[in-house]
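Participant: My questions all concern the structure below.
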Amino acid sequence: MITILGPTACGKTQLAVALAAKLNADIISADSRQVYRRMDIGTGKDLDDYIYNGVRIPCHLIDICEPGEKYNVYRYQHDFREVYASLQQQQRTAILCGGSGLYIESVLRNYNLPTVPQNPALRQRLEQYSLAELTTMLQQLKENNGTVMHNRTDVDTKQRAIRAIEIEEFILKEQRGEGTLKSPAEGKGKEGSKPYGVLAASVIERGEQGSRYNGVVIGIDIDRDTRRQRITQRLKQRLEDGMVDEVQQLLNEGCTPQQLIYYGLEYRYITQYIIGQLSYQQMVSQLEIAIHQFAKRQMTYFRGMQRRGTHIQWIDYAMPTEDKVKLIINTIHSS
């Protein structure tokens with residue numbers, strides 16, 4: 001398997017499509033929001049990019065959920081394995097492509113995702129605290145448990161912060177011998193127990209089983225100034241293409257503002273604009289800043305993957321696509 005990763009606006013999809021055309025391969029998306037139907041402009045699906053010289057390149061794990069659902073890393077790992085097994089049976093090459101580092105790492109390092117039960121009493125007690133207070137509590141728990149704050153999505157909302165604290169509290173009990181982590185299969189169907197999502201990166205690290213998918217991992221290295229310029233240009237284009245109308249349509253279909261705000265970035269800020277919490281200019285300005293910050297966090301996560309043992313070969317964004325494809329193919333042959 002070939003993996004292509006990088007921050008937002010670095011041209012991952014374009015490269016993956018060109019490579020897939022050359023190798024007659026399928027692309028498996030690793031994007032936590034492109035799984036949702038009708039969330040197209042805001043998630044940057046750019047479905048026309050999957051057409052190369054008039055031929056559509058097969059792509060999987062896009063448009064598999066309805067807006068409002070809560071997709072997570074456990075479901076992604078399960079869905080990925082099904083797709084990958086099918087491609088193996090067909091003897092087709094798979095190209096994993098995306099910017100959701102946790103999803104990619106859960107696959108590449110074959111994490112064994114346990115089930116952390118809900119703690120209703122703890123949740124009720126935590127509801128009285130503000131998001132800032134919950135964030136401080138979570139940071140202290142992670143320090144005590146020897147885990148780290150992988151990304152700020154742990155504390156995007158009170159709900160996420162409470163779930164993250166719930167997980168860390170469970171780890172603490174386990175370390176004291178008071179709790180037992182269960183595999184998803186063991187916990188399936190049991191009351192008060194459910195697979196967790198992106199909040200549980202610390203637990204995922206504890207469940208690593210070792211690499212299962214051999215292949216090369218390619219990262220697109222784009223300099224900060226170019227990345228920022230591309231983000232700004234792309235945001236402007238997406239607004240012109242009707243991104244606000246897309247969010248309004250989702251609200252018209254029955255999605256609540258809270259559901260859309262949960263998805264972050266474009267959906268958060270545009271929803272806040274639509275319901276009157278932000279002016280248009282405030283929305284654009286704050287959204288642009290948030291996307292820049294998100295891209296920076298993506299790079300931080302990828303560097304963390306390297307420290308945790310994933311070898312990433314970085315290639316220059318400025319290199320012509322054809323040269324990138326040749327370099328990747330040469331890397332595959334040499335490895």
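Please note that chains go A, B, ... in the order of the structure tokens, that every chain numbers its residues from 1, and that ligands are numbered from 1 in the order shown.
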Write down as a short mmCIF file (atom, residue, chain, number, x, y, z; two decimals) with N, CA and C atoms, in the first residue's frame the residues belonging to stretch 80-146 of chain A that are assigned strand (DSSP E or B) by DSSP computed on the backbone.
Facilitator:
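Contents of the output file selection29.cif:
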data_model
loop_
_atom_site.label_atom_id
_atom_site.label_comp_id
_atom_site.auth_asym_id
_atom_site.auth_seq_id
_atom_site.Cartn_x
_atom_site.Cartn_y
_atom_site.Cartn_z
N ALA A 94 -3.61 -0.33 -3.49
CA ALA A 94 -4.35 0.67 -2.73
C ALA A 94 -3.46 1.87 -2.44
N ILE A 95 -4.02 3.06 -2.61
CA ILE A 95 -3.33 4.31 -2.25
C ILE A 95 -4.17 4.98 -1.16
N LEU A 96 -3.62 5.03 0.03
CA LEU A 96 -4.29 5.70 1.16
C LEU A 96 -3.92 7.18 1.10
N CYS A 97 -4.92 8.05 1.03
CA CYS A 97 -4.64 9.47 0.83
C CYS A 97 -5.52 10.33 1.72
N GLY A 98 -4.90 11.23 2.47
CA GLY A 98 -5.69 12.14 3.29
C GLY A 98 -4.85 12.95 4.25
N TYR A 111 -3.61 -0.16 15.16
CA TYR A 111 -4.00 0.00 16.55
C TYR A 111 -5.15 -0.93 16.93
N THR A 115 -12.61 -0.50 24.04
CA THR A 115 -13.86 0.20 24.35
C THR A 115 -13.77 0.79 25.75
N VAL A 116 -14.02 2.07 25.83
CA VAL A 116 -14.04 2.74 27.13
C VAL A 116 -15.49 3.02 27.49
N PRO A 117 -15.99 2.47 28.60
CA PRO A 117 -17.40 2.67 28.95
C PRO A 117 -17.70 4.10 29.37
#
Participant: Take atom CA of A:Gln272 and atom CA of A:Arg38 and report the distance between them in Å, one decimal.
Facilitator: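 Atom CA of A:Gln272 sits 19.1 Å away from atom CA of A:Arg38.
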Participant: Atom CA of A:Trp314 and atom CA of A:Asp221, how far apart in Å?
Facilitator: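 According to the coordinates, atom CA of A:Asp221 and atom CA of A:Trp314 are separated by 5.8 Å.
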Participant: Which is closer to A:Glu246 than all the others in A:Gln259, A:Thr226, A:Gln139, A:Thr43, using only C-alpha atoms?
Facilitator: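 Looking only at the distances to A:Glu246, the closest residue turns out to be A:Thr43.
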Participant: Could you state the separation of atom CA of A:Ser29 and atom CA of A:Ile167 in Å, given to one decimal place?
Facilitator: 27.5 Å
Participant: So that I can check the surroundings of stretch 306-313 of chain A, please list as a PDB file with N, CA, C and O atoms, in the first residue's frame every protein, DNA and RNA residue that reaches within 10 Å of it, counting only C-alpha atoms and ignoring chain neighbours fewer than 6 positions away.
Facilitator:
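Result file follows (selection36.pdb):
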ATOM      1  N   THR A   3       0.896   5.318   0.872  1.00  0.00           N
ATOM      2  CA  THR A   3       0.187   6.341   1.629  1.00  0.00           C
ATOM      3  C   THR A   3       0.689   7.716   1.218  1.00  0.00           C
ATOM      4  O   THR A   3       1.901   7.940   1.142  1.00  0.00           O
ATOM      5  N   ILE A   4      -0.233   8.617   0.939  1.00  0.00           N
ATOM      6  CA  ILE A   4       0.104  10.003   0.625  1.00  0.00           C
ATOM      7  C   ILE A   4      -0.593  10.887   1.644  1.00  0.00           C
ATOM      8  O   ILE A   4      -1.821  10.883   1.749  1.00  0.00           O
ATOM      9  N   LEU A   5       0.192  11.630   2.393  1.00  0.00           N
ATOM     10  CA  LEU A   5      -0.371  12.497   3.422  1.00  0.00           C
ATOM     11  C   LEU A   5       0.222  13.895   3.332  1.00  0.00           C
ATOM     12  O   LEU A   5       1.221  14.125   2.647  1.00  0.00           O
ATOM     13  N   GLU A 105      -2.748   6.910  11.018  1.00  0.00           N
ATOM     14  CA  GLU A 105      -1.882   6.199  11.953  1.00  0.00           C
ATOM     15  C   GLU A 105      -2.573   4.966  12.533  1.00  0.00           C
ATOM     16  O   GLU A 105      -1.931   3.940  12.761  1.00  0.00           O
ATOM     17  N   LEU A 108      -1.961   2.411   9.689  1.00  0.00           N
ATOM     18  CA  LEU A 108      -0.572   2.041   9.427  1.00  0.00           C
ATOM     19  C   LEU A 108       0.047   1.274  10.584  1.00  0.00           C
ATOM     20  O   LEU A 108       0.868   0.374  10.375  1.00  0.00           O
ATOM     21  N   ARG A 109      -0.325   1.618  11.815  1.00  0.00           N
ATOM     22  CA  ARG A 109       0.273   0.965  12.968  1.00  0.00           C
ATOM     23  C   ARG A 109      -0.668  -0.043  13.617  1.00  0.00           C
ATOM     24  O   ARG A 109      -0.379  -0.568  14.680  1.00  0.00           O
ATOM     25  N   GLU A 205      -2.647   4.593  21.590  1.00  0.00           N
ATOM     26  CA  GLU A 205      -1.225   4.302  21.685  1.00  0.00           C
ATOM     27  C   GLU A 205      -0.969   3.080  22.556  1.00  0.00           C
ATOM     28  O   GLU A 205      -0.049   2.319  22.336  1.00  0.00           O
ATOM     29  N   SER A 211       2.779  -2.982  12.705  1.00  0.00           N
ATOM     30  CA  SER A 211       2.390  -2.693  11.332  1.00  0.00           C
ATOM     31  C   SER A 211       1.733  -3.892  10.664  1.00  0.00           C
ATOM     32  O   SER A 211       2.135  -5.031  10.857  1.00  0.00           O
ATOM     33  N   VAL A 216       5.090   2.239   1.258  1.00  0.00           N
ATOM     34  CA  VAL A 216       5.796   3.489   1.487  1.00  0.00           C
ATOM     35  C   VAL A 216       4.803   4.569   1.930  1.00  0.00           C
ATOM     36  O   VAL A 216       3.622   4.537   1.581  1.00  0.00           O
ATOM     37  N   VAL A 217       5.303   5.514   2.716  1.00  0.00           N
ATOM     38  CA  VAL A 217       4.505   6.638   3.177  1.00  0.00           C
ATOM     39  C   VAL A 217       5.141   7.910   2.634  1.00  0.00           C
ATOM     40  O   VAL A 217       6.292   8.216   2.949  1.00  0.00           O
ATOM     41  N   ILE A 218       4.393   8.631   1.827  1.00  0.00           N
ATOM     42  CA  ILE A 218       4.875   9.849   1.183  1.00  0.00           C
ATOM     43  C   ILE A 218       4.181  11.060   1.818  1.00  0.00           C
ATOM     44  O   ILE A 218       2.958  11.090   1.941  1.00  0.00           O
ATOM     45  N   GLY A 219       4.979  12.031   2.227  1.00  0.00           N
ATOM     46  CA  GLY A 219       4.427  13.274   2.742  1.00  0.00           C
ATOM     47  C   GLY A 219       4.736  14.418   1.794  1.00  0.00           C
ATOM     48  O   GLY A 219       5.835  14.490   1.235  1.00  0.00           O
ATOM     49  N   ILE A 220       3.767  15.302   1.588  1.00  0.00           N
ATOM     50  CA  ILE A 220       3.992  16.453   0.713  1.00  0.00           C
ATOM     51  C   ILE A 220       4.458  17.620   1.575  1.00  0.00           C
ATOM     52  O   ILE A 220       3.733  18.082   2.459  1.00  0.00           O
ATOM     53  N   ASP A 221       5.650  18.068   1.309  1.00  0.00           N
ATOM     54  CA  ASP A 221       6.279  19.140   2.090  1.00  0.00           C
ATOM     55  C   ASP A 221       6.038  20.471   1.384  1.00  0.00           C
ATOM     56  O   ASP A 221       6.601  20.736   0.322  1.00  0.00           O
ATOM     57  N   ILE A 328       7.964   8.567  -6.622  1.00  0.00           N
ATOM     58  CA  ILE A 328       7.266   7.586  -5.770  1.00  0.00           C
ATOM     59  C   ILE A 328       7.431   6.181  -6.324  1.00  0.00           C
ATOM     60  O   ILE A 328       7.686   5.220  -5.581  1.00  0.00           O
ATOM     61  N   THR A 331      10.762   4.937  -5.579  1.00  0.00           N
ATOM     62  CA  THR A 331      10.857   4.603  -4.153  1.00  0.00           C
ATOM     63  C   THR A 331      10.234   3.240  -3.877  1.00  0.00           C
ATOM     64  O   THR A 331      10.786   2.438  -3.103  1.00  0.00           O
TER      65      THR A 331
END
